[in-house]
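Trainee: Below are the structure tokens for one structure; questions will follow.
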Number of protein chains: 2
Amino acid sequence: MVYRMEVTNGHNWDMTTTDTKFQAPAGGTGAELSLRALDGVKMVESGDNLTEIILAALDRSGIEPRTGDAVVLAQKIVSKAEARMVVLGDVEPSPRAVEIAAAAAKDARVVELILRESDEVLRVRPGIVIVAHRLGFVAANAGIDQSNIGNGEMDDKVLLLPIDPDATCRRIRAALRDRTGAEVAVVIIDSIGRAWRNGTVGTAIGVAGMAGLLDLRTRPDLFGRPLKTSELGLADELAAAASLIMGQADEGRPIVLARGLPYARREGSARELIRPRETDLFR
Amino acid sequence: MVYRMEVTNGHNWDMTTTDTKFQAPAGGTGAELSLRALDGVKMVESGDNLTEIILAALDRSGIEPRTGDAVVLAQKIVSKAEARMVVLGDVEPSPRAVEIAAAAAKDARVVELILRESDEVLRVRPGIVIVAHRLGFVAANAGIDQSNIGNGEMDDKVLLLPIDPDATCRRIRAALRDRTGAEVAVVIIDSIGRAWRNGTVGTAIGVAGMAGLLDLRTRPDLFGRPLKTSELGLADELAAAASLIMGQADEGRPIVLARGLPYARREGSARELIRPRETDLFR
């Protein structure tokens with residue numbers, strides 16, 4: 001079912017949706033957004049049930065999830081729960097990996113994993129291999145993480161990105177709905193670098209229950225003219241906002257609850273945010 | 001004066017600062033961030049005093065600014081206050097502008113303004129001229145805006161970006177301190193497109209009173225290893241967060257107050273976020 005509607009909050013977004021449960025968000029007027037990093041998130045291990053971890057952290061934080069909330073998860077805990085750790089000793093680098101590793105001055109086994117996780121190598125420079133990840137986005141070193149993955153005896157392991165972050169978001173969203181009755185959006189984020197700008201920003205790599213990309217093209221401005229900005233990277237903006245309070249290092253605050261965000265509920269996908277290869281002017 | 005210190009909140013960032021007033025943020029533990037789009041912001045006109053407009057809107061919203069808050073301003077109201085509107089009839093396009101306008105299928109007078117506002121043209125495609133703006137960042141059409149700039153009789157005007165957004169932020173920050181005693185950060189944002197990804201995101205084009213870019217390179221992870229993410233685009237993340245509730249069209253909510261953001265006070269600049277031309281792999 002496809003239909004158009006207006007979200008009756010401050011944004012009044014025209015949207016097309018295929019979600020029959022689509023309705024106005026519970027987030028109020030859209031003029032106030034609160035982001036809360038949940039307390040007491042356990043150290044996530046392989047096989048852990050993230051829904052249970054989220055529910056326990058919400059409980060410990062004294063928060064009851066509401067329809068219209070969004071739960072934002074750091075990539076790292078999703079990868080850990082999904083057992084995406086790889087022992088480098090088990091990795092046999094291909095000749096191509098050895099060649100790129102020499103150019104990048106990186107461990108050839110890590111480069112092998114980067115290549116396995118990627119569709120295309122865009123740039124190779126000392127310390128960095130910039131690729132189009134199999135999940136679609138461009139990222140340095142395929143998002144492979146050598147920090148925060150073990151206890152010091154595990155220096156020979158690295159952590160790959162989740163297998164299918166959109167699917168994980170959908171699963172957690174459904175489980176949270178079953179357990180609490182609340183319709184929340186779920187977003188998985190990673191800290192990803194950009195062309196042209198210094199520093200990483202929190203970026204959505206998995207989305208469920210909200211628009212990844214918001215189409216504003218039908219909206220007039222205050223004077224009835226078409227908008228300068230026609231598409232908004234909504235889930236990326238939420239990812240960046242959540243990243244502000246997740247911290248990057250030893251804070252151990254990998255789960256953020258966002259409340260008051262005006263978003264229209266629909267299935268959504270982080271894929272909406274990927275510019276198609278053929279229209280990308282900067283690869 | 002340059003010294004190192006730890007911010008005594010959840011982030012414990014090591015930072016180097018030249019600000020002798022540098023101290024821990026007032027934002028509490030850094031585990032909760034609230035963003036509030038201020039009510040009752042008047043339609044900004046050329047010559048308006050933005051500090052007075054911010055103070056009036058804070059007052060109408062029942063908010064007293066506190067040290068550690070951040071005030072985020074939409075580019076558009078800054079440009080309007082700074083009389084950055086240009087009448088297209090007054091613009092004489094150069095031969096180069098005429099040539100690029102033909103390739104871009106754009107008004108040659110608008111292209112002339114794009115060129116005047118830019119240091120380098122990176123790509124020209126129908127409808128879009130991607131440039132390195134004189135302020136350093138890469139942006140489509142030099143951020144020149146043809147929406148929300150008049151009352152319908154003014155279709156021949158466009159709005160350029162502010163002259164020097166960092167300087168404007170510093171001025172407003174100082175004025176807010178003089179008027180309220182509170183040390184707040186001030187950030188000016190615009191909606192800017194990205195390489196590789198669909199949709200614009202709120203992006204910092206002016207910064208005062210906080211780090212634009214946060215250097216995490218000295219920080220170990222939970223297990224004492226160096227961090228995967230070494231530099232964080234802090235002001236860009238704040239810009240994206242504020243953009244979530246500013247809206248893009250007729251909401252008229254161009255001022256956002258952020259409270260609870262863990263940031264270290266220092267002069268700061270949006271220039272910190274610009275990747276130097278010579279290390280940029282994607283121009």
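Following the order of the structure tokens, first chain is A, next is B, and so on, with residues numbered from 1 inside each chain and ligands from 1 in the order they appear.
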Which residues are near Leu35 (chain B)? Cut-off 10 Å, only C-alpha atoms, ignore same chain within fewer than 3 positions. Put them as a VMD selection string.

Mentor: (chain A and resid 31 to 35 241 260) or (chain B and resid 38 69 to 72 238 241 to 246 256 to 261)

Trainee: Using all C-alpha atoms paired in order, least-squares fit chain A onto chain B and give me the moved copy as an mmCIF file with C-alpha atoms, in the first residue's frame.

Mentor:
```cif
data_model
loop_
_atom_site.group_PDB
_atom_site.id
_atom_site.type_symbol
_atom_site.label_atom_id
_atom_site.label_comp_id
_atom_site.auth_asym_id
_atom_site.auth_seq_id
_atom_site.Cartn_x
_atom_site.Cartn_y
_atom_site.Cartn_z
ATOM 1 C CA MET A 1 48.937 30.096 26.962
ATOM 2 C CA VAL A 2 48.831 26.446 25.941
ATOM 3 C CA TYR A 3 48.225 23.655 28.379
ATOM 4 C CA ARG A 4 46.668 20.233 28.581
ATOM 5 C CA MET A 5 43.818 19.251 30.799
ATOM 6 C CA GLU A 6 41.087 16.717 31.293
ATOM 7 C CA VAL A 7 37.453 17.625 31.066
ATOM 8 C CA THR A 8 35.985 16.061 34.161
ATOM 9 C CA ASN A 9 32.833 14.673 32.682
ATOM 10 C CA GLY A 10 31.969 11.365 31.106
ATOM 11 C CA HIS A 11 34.256 12.035 28.183
ATOM 12 C CA ASN A 12 37.514 12.855 29.955
ATOM 13 C CA TRP A 13 38.898 14.313 26.785
ATOM 14 C CA ASP A 14 42.527 15.203 26.607
ATOM 15 C CA MET A 15 42.661 18.533 24.902
ATOM 16 C CA THR A 16 45.096 21.256 24.101
ATOM 17 C CA THR A 17 43.691 24.709 24.401
ATOM 18 C CA THR A 18 44.807 28.280 24.194
ATOM 19 C CA ASP A 19 41.804 29.499 26.142
ATOM 20 C CA THR A 20 42.752 30.502 29.669
ATOM 21 C CA LYS A 21 39.122 30.302 30.701
ATOM 22 C CA PHE A 22 39.021 26.681 29.642
ATOM 23 C CA GLN A 23 37.177 24.571 32.171
ATOM 24 C CA ALA A 24 34.823 21.672 32.569
ATOM 25 C CA PRO A 25 31.504 22.122 30.807
ATOM 26 C CA ALA A 26 28.359 22.902 32.723
ATOM 27 C CA GLY A 27 26.484 20.257 30.821
ATOM 28 C CA GLY A 28 26.554 17.652 33.582
ATOM 29 C CA THR A 29 27.610 14.087 32.993
ATOM 30 C CA GLY A 30 27.430 14.265 29.242
ATOM 31 C CA ALA A 31 24.937 11.414 29.223
ATOM 32 C CA GLU A 32 21.926 13.521 28.368
ATOM 33 C CA LEU A 33 21.649 16.150 25.677
ATOM 34 C CA SER A 34 18.588 18.266 25.054
ATOM 35 C CA LEU A 35 18.003 20.346 21.964
ATOM 36 C CA ARG A 36 15.301 22.959 21.940
ATOM 37 C CA ALA A 37 14.172 24.986 18.950
ATOM 38 C CA LEU A 38 13.321 28.390 20.369
ATOM 39 C CA ASP A 39 9.839 29.823 20.032
ATOM 40 C CA GLY A 40 8.951 33.175 18.666
ATOM 41 C CA VAL A 41 11.913 33.983 16.509
ATOM 42 C CA LYS A 42 11.002 37.027 14.465
ATOM 43 C CA MET A 43 11.455 37.138 10.695
ATOM 44 C CA VAL A 44 15.027 38.381 10.529
ATOM 45 C CA GLU A 45 15.750 41.412 8.376
ATOM 46 C CA SER A 46 18.853 43.135 7.152
ATOM 47 C CA GLY A 47 20.621 44.926 9.967
ATOM 48 C CA ASP A 48 18.878 43.066 12.780
ATOM 49 C CA ASN A 49 20.866 42.401 15.928
ATOM 50 C CA LEU A 50 20.997 38.624 16.261
ATOM 51 C CA THR A 51 22.004 38.708 19.910
ATOM 52 C CA GLU A 52 18.818 40.619 20.728
ATOM 53 C CA ILE A 53 16.793 38.173 18.647
ATOM 54 C CA ILE A 54 18.357 35.211 20.459
ATOM 55 C CA LEU A 55 17.761 36.795 23.864
ATOM 56 C CA ALA A 56 14.151 37.589 23.022
ATOM 57 C CA ALA A 57 13.552 34.046 21.774
ATOM 58 C CA LEU A 58 15.177 32.542 24.876
ATOM 59 C CA ASP A 59 12.976 34.731 27.012
ATOM 60 C CA ARG A 60 9.833 33.787 25.107
ATOM 61 C CA SER A 61 10.836 30.121 25.404
ATOM 62 C CA GLY A 62 11.320 30.466 29.128
ATOM 63 C CA ILE A 63 14.978 29.491 28.967
ATOM 64 C CA GLU A 64 17.801 31.154 30.831
ATOM 65 C CA PRO A 65 21.100 30.469 29.069
ATOM 66 C CA ARG A 66 23.738 28.681 31.144
ATOM 67 C CA THR A 67 27.451 28.323 30.825
ATOM 68 C CA GLY A 68 28.054 25.167 28.819
ATOM 69 C CA ASP A 69 25.018 25.621 26.577
ATOM 70 C CA ALA A 70 25.443 25.956 22.839
ATOM 71 C CA VAL A 71 23.361 28.223 20.615
ATOM 72 C CA VAL A 72 22.980 26.962 17.062
ATOM 73 C CA LEU A 73 21.880 29.385 14.339
ATOM 74 C CA ALA A 74 20.642 28.647 10.836
ATOM 75 C CA GLN A 75 22.830 30.267 8.197
ATOM 76 C CA LYS A 76 19.843 31.948 6.654
ATOM 77 C CA ILE A 77 19.089 34.292 9.538
ATOM 78 C CA VAL A 78 22.755 35.241 9.827
ATOM 79 C CA SER A 79 22.967 36.005 6.114
ATOM 80 C CA LYS A 80 19.784 38.065 6.297
ATOM 81 C CA ALA A 81 20.973 40.050 9.299
ATOM 82 C CA GLU A 82 24.238 40.681 7.479
ATOM 83 C CA ALA A 83 22.428 41.935 4.383
ATOM 84 C CA ARG A 84 23.869 39.244 2.161
ATOM 85 C CA MET A 85 20.951 39.428 -0.257
ATOM 86 C CA VAL A 86 21.971 40.241 -3.797
ATOM 87 C CA VAL A 87 19.715 41.589 -6.534
ATOM 88 C CA LEU A 88 20.428 39.482 -9.589
ATOM 89 C CA GLY A 89 19.721 42.428 -11.874
ATOM 90 C CA ASP A 90 22.827 44.096 -10.468
ATOM 91 C CA VAL A 91 25.082 41.157 -11.347
ATOM 92 C CA GLU A 92 27.094 41.226 -14.573
ATOM 93 C CA PRO A 93 28.170 37.673 -15.429
ATOM 94 C CA SER A 94 31.729 37.151 -16.617
ATOM 95 C CA PRO A 95 32.443 35.089 -19.748
ATOM 96 C CA ARG A 96 33.509 32.193 -17.495
ATOM 97 C CA ALA A 97 30.216 32.391 -15.604
ATOM 98 C CA VAL A 98 28.296 32.358 -18.892
ATOM 99 C CA GLU A 99 30.227 29.298 -20.013
ATOM 100 C CA ILE A 100 29.689 27.377 -16.761
ATOM 101 C CA ALA A 101 26.041 28.476 -16.649
ATOM 102 C CA ALA A 102 25.500 26.889 -20.054
ATOM 103 C CA ALA A 103 26.994 23.598 -18.846
ATOM 104 C CA ALA A 104 25.002 23.744 -15.600
ATOM 105 C CA ALA A 105 21.762 25.039 -17.145
ATOM 106 C CA LYS A 106 21.715 27.751 -14.505
ATOM 107 C CA ASP A 107 21.204 31.510 -14.473
ATOM 108 C CA ALA A 108 24.573 33.035 -15.450
ATOM 109 C CA ARG A 109 24.137 35.738 -12.810
ATOM 110 C CA VAL A 110 23.765 33.109 -10.103
ATOM 111 C CA VAL A 111 26.821 31.308 -11.464
ATOM 112 C CA GLU A 112 28.726 34.608 -11.378
ATOM 113 C CA LEU A 113 27.908 34.893 -7.674
ATOM 114 C CA ILE A 114 28.908 31.262 -7.129
ATOM 115 C CA LEU A 115 32.280 32.008 -8.722
ATOM 116 C CA ARG A 116 32.788 35.177 -6.671
ATOM 117 C CA GLU A 117 32.049 33.189 -3.513
ATOM 118 C CA SER A 118 34.437 30.353 -4.403
ATOM 119 C CA ASP A 119 38.097 29.487 -4.666
ATOM 120 C CA GLU A 120 37.774 26.522 -7.005
ATOM 121 C CA VAL A 121 35.166 24.836 -9.178
ATOM 122 C CA LEU A 122 35.226 21.071 -8.573
ATOM 123 C CA ARG A 123 32.352 19.740 -10.690
ATOM 124 C CA VAL A 124 29.730 21.146 -13.060
ATOM 125 C CA ARG A 125 26.597 19.176 -13.827
ATOM 126 C CA PRO A 126 23.055 20.175 -14.841
ATOM 127 C CA GLY A 127 21.604 22.194 -11.982
ATOM 128 C CA ILE A 128 24.706 22.047 -9.838
ATOM 129 C CA VAL A 129 28.101 23.702 -9.578
ATOM 130 C CA ILE A 130 30.152 22.128 -6.806
ATOM 131 C CA VAL A 131 32.835 24.451 -5.498
ATOM 132 C CA ALA A 132 35.342 24.965 -2.746
ATOM 133 C CA HIS A 133 33.755 27.943 -1.031
ATOM 134 C CA ARG A 134 35.978 30.867 -0.036
ATOM 135 C CA LEU A 135 35.212 29.827 3.557
ATOM 136 C CA GLY A 136 36.999 26.544 2.828
ATOM 137 C CA PHE A 137 34.303 23.918 2.652
ATOM 138 C CA VAL A 138 32.985 22.135 -0.408
ATOM 139 C CA ALA A 139 29.378 22.993 -1.210
ATOM 140 C CA ALA A 140 26.925 22.865 -4.089
ATOM 141 C CA ASN A 141 26.270 26.266 -5.648
ATOM 142 C CA ALA A 142 28.448 27.947 -3.010
ATOM 143 C CA GLY A 143 25.575 27.610 -0.552
ATOM 144 C CA ILE A 144 23.644 30.318 -2.393
ATOM 145 C CA ASP A 145 20.002 30.149 -1.467
ATOM 146 C CA GLN A 146 17.031 31.103 -3.597
ATOM 147 C CA SER A 147 14.386 30.065 -1.076
ATOM 148 C CA ASN A 148 12.964 31.850 1.954
ATOM 149 C CA ILE A 149 14.674 35.088 1.071
ATOM 150 C CA GLY A 150 11.818 37.451 0.319
ATOM 151 C CA ASN A 151 8.096 37.977 0.109
ATOM 152 C CA GLY A 152 7.346 36.956 -3.447
ATOM 153 C CA GLU A 153 8.121 40.321 -5.032
ATOM 154 C CA MET A 154 11.777 39.594 -4.592
ATOM 155 C CA ASP A 155 12.251 36.636 -6.862
ATOM 156 C CA ASP A 156 15.250 38.286 -8.416
ATOM 157 C CA LYS A 157 17.263 38.126 -5.230
ATOM 158 C CA VAL A 158 19.456 35.417 -3.764
ATOM 159 C CA LEU A 159 21.108 35.031 -0.392
ATOM 160 C CA LEU A 160 24.854 34.473 -0.028
ATOM 161 C CA LEU A 161 26.469 32.801 2.972
ATOM 162 C CA PRO A 162 27.623 35.068 5.811
ATOM 163 C CA ILE A 163 30.861 36.996 5.276
ATOM 164 C CA ASP A 164 32.814 35.441 8.155
ATOM 165 C CA PRO A 165 30.685 33.016 10.194
ATOM 166 C CA ASP A 166 33.437 32.324 12.750
ATOM 167 C CA ALA A 167 33.699 36.045 13.461
ATOM 168 C CA THR A 168 29.922 36.335 13.763
ATOM 169 C CA CYS A 169 29.892 33.446 16.237
ATOM 170 C CA ARG A 170 32.633 35.073 18.297
ATOM 171 C CA ARG A 171 30.775 38.376 18.331
ATOM 172 C CA ILE A 172 27.464 36.830 19.389
ATOM 173 C CA ARG A 173 29.195 34.681 21.996
ATOM 174 C CA ALA A 174 30.845 37.753 23.523
ATOM 175 C CA ALA A 175 27.598 39.714 23.443
ATOM 176 C CA LEU A 176 25.669 36.880 25.092
ATOM 177 C CA ARG A 177 28.340 36.680 27.784
ATOM 178 C CA ASP A 178 28.107 40.420 28.372
ATOM 179 C CA ARG A 179 24.333 40.360 28.536
ATOM 180 C CA THR A 180 23.771 37.164 30.534
ATOM 181 C CA GLY A 181 27.056 36.190 32.165
ATOM 182 C CA ALA A 182 26.786 32.745 30.556
ATOM 183 C CA GLU A 183 29.638 31.322 28.511
ATOM 184 C CA VAL A 184 27.877 29.651 25.618
ATOM 185 C CA ALA A 185 29.244 28.212 22.420
ATOM 186 C CA VAL A 186 27.787 29.598 19.202
ATOM 187 C CA VAL A 187 27.589 27.617 15.967
ATOM 188 C CA ILE A 188 26.223 28.647 12.562
ATOM 189 C CA ILE A 189 25.047 25.774 10.384
ATOM 190 C CA ASP A 190 23.984 25.163 6.838
ATOM 191 C CA SER A 191 22.465 22.125 5.131
ATOM 192 C CA ILE A 192 25.260 20.780 2.965
ATOM 193 C CA GLY A 193 25.446 17.780 0.671
ATOM 194 C CA ARG A 194 28.071 15.095 0.880
ATOM 195 C CA ALA A 195 30.163 12.998 -1.436
ATOM 196 C CA TRP A 196 28.946 9.396 -1.614
ATOM 197 C CA ARG A 197 25.766 9.896 0.408
ATOM 198 C CA ASN A 198 22.304 11.154 -0.433
ATOM 199 C CA GLY A 199 20.727 14.046 1.398
ATOM 200 C CA THR A 200 22.090 17.106 3.088
ATOM 201 C CA VAL A 201 23.032 17.245 6.755
ATOM 202 C CA GLY A 202 23.400 20.189 9.076
ATOM 203 C CA THR A 203 27.064 21.198 8.927
ATOM 204 C CA ALA A 204 29.019 23.761 10.933
ATOM 205 C CA ILE A 205 30.154 26.798 8.921
ATOM 206 C CA GLY A 206 30.923 28.999 11.942
ATOM 207 C CA VAL A 207 32.091 28.063 15.444
ATOM 208 C CA ALA A 208 33.026 29.959 18.587
ATOM 209 C CA GLY A 209 33.510 28.814 22.153
ATOM 210 C CA MET A 210 33.969 25.099 21.527
ATOM 211 C CA ALA A 211 36.157 22.707 19.621
ATOM 212 C CA GLY A 212 35.195 22.374 15.987
ATOM 213 C CA LEU A 213 37.261 19.216 15.697
ATOM 214 C CA LEU A 214 38.007 17.047 18.704
ATOM 215 C CA ASP A 215 41.333 15.269 18.809
ATOM 216 C CA LEU A 216 40.926 11.876 20.462
ATOM 217 C CA ARG A 217 44.269 10.552 19.350
ATOM 218 C CA THR A 218 45.783 10.445 22.799
ATOM 219 C CA ARG A 219 42.918 8.469 24.241
ATOM 220 C CA PRO A 220 43.171 4.754 24.816
ATOM 221 C CA ASP A 221 40.177 2.514 24.410
ATOM 222 C CA LEU A 222 38.759 0.314 27.164
ATOM 223 C CA PHE A 223 41.695 -2.056 26.719
ATOM 224 C CA GLY A 224 44.394 0.558 26.359
ATOM 225 C CA ARG A 225 44.748 0.423 22.585
ATOM 226 C CA PRO A 226 44.692 3.452 20.325
ATOM 227 C CA LEU A 227 41.274 4.438 19.101
ATOM 228 C CA LYS A 228 40.015 3.604 15.639
ATOM 229 C CA THR A 229 38.468 7.035 15.479
ATOM 230 C CA SER A 230 41.073 9.641 16.166
ATOM 231 C CA GLU A 231 39.373 12.896 15.314
ATOM 232 C CA LEU A 232 35.720 13.656 15.849
ATOM 233 C CA GLY A 233 33.828 16.320 13.887
ATOM 234 C CA LEU A 234 32.232 17.640 17.061
ATOM 235 C CA ALA A 235 30.712 20.879 15.748
ATOM 236 C CA ASP A 236 29.421 19.036 12.682
ATOM 237 C CA GLU A 237 27.693 16.492 14.915
ATOM 238 C CA LEU A 238 26.101 19.322 16.879
ATOM 239 C CA ALA A 239 25.066 20.971 13.615
ATOM 240 C CA ALA A 240 23.393 17.770 12.437
ATOM 241 C CA ALA A 241 21.652 17.343 15.784
ATOM 242 C CA ALA A 242 20.285 20.900 15.729
ATOM 243 C CA SER A 243 19.186 20.500 12.120
ATOM 244 C CA LEU A 244 16.909 17.629 13.197
ATOM 245 C CA ILE A 245 14.580 20.068 14.928
ATOM 246 C CA MET A 246 15.186 23.251 12.938
ATOM 247 C CA GLY A 247 13.291 21.874 9.995
ATOM 248 C CA GLN A 248 14.072 22.873 6.456
ATOM 249 C CA ALA A 249 11.134 24.825 5.206
ATOM 250 C CA ASP A 250 8.442 26.957 6.762
ATOM 251 C CA GLU A 251 8.913 26.032 10.393
ATOM 252 C CA GLY A 252 10.679 29.261 11.173
ATOM 253 C CA ARG A 253 12.771 27.676 13.928
ATOM 254 C CA PRO A 254 16.238 28.881 13.069
ATOM 255 C CA ILE A 255 17.636 29.006 16.619
ATOM 256 C CA VAL A 256 18.329 25.909 18.708
ATOM 257 C CA LEU A 257 19.622 25.776 22.254
ATOM 258 C CA ALA A 258 21.660 22.666 23.093
ATOM 259 C CA ARG A 259 22.100 21.790 26.747
ATOM 260 C CA GLY A 260 24.104 18.929 28.216
ATOM 261 C CA LEU A 261 26.613 18.636 25.416
ATOM 262 C CA PRO A 262 30.005 17.705 26.808
ATOM 263 C CA TYR A 263 32.405 20.094 25.140
ATOM 264 C CA ALA A 264 35.558 21.788 26.215
ATOM 265 C CA ARG A 265 35.468 25.549 25.963
ATOM 266 C CA ARG A 266 37.971 27.133 23.664
ATOM 267 C CA GLU A 267 37.858 29.684 20.894
ATOM 268 C CA GLY A 268 37.343 27.128 18.136
ATOM 269 C CA SER A 269 36.725 27.640 14.439
ATOM 270 C CA ALA A 270 34.795 25.970 11.663
ATOM 271 C CA ARG A 271 38.098 25.995 9.767
ATOM 272 C CA GLU A 272 39.255 23.083 11.960
ATOM 273 C CA LEU A 273 36.766 20.943 10.088
ATOM 274 C CA ILE A 274 38.119 21.704 6.615
ATOM 275 C CA ARG A 275 40.442 19.055 5.244
ATOM 276 C CA PRO A 276 43.456 20.771 3.696
ATOM 277 C CA ARG A 277 43.404 20.683 -0.100
ATOM 278 C CA GLU A 278 46.719 18.821 -0.240
ATOM 279 C CA THR A 279 45.548 15.918 1.934
ATOM 280 C CA ASP A 280 42.106 15.669 0.361
ATOM 281 C CA LEU A 281 41.881 12.519 -1.748
ATOM 282 C CA PHE A 282 38.467 13.293 -3.197
ATOM 283 C CA ARG A 283 38.503 16.587 -5.038
#
```
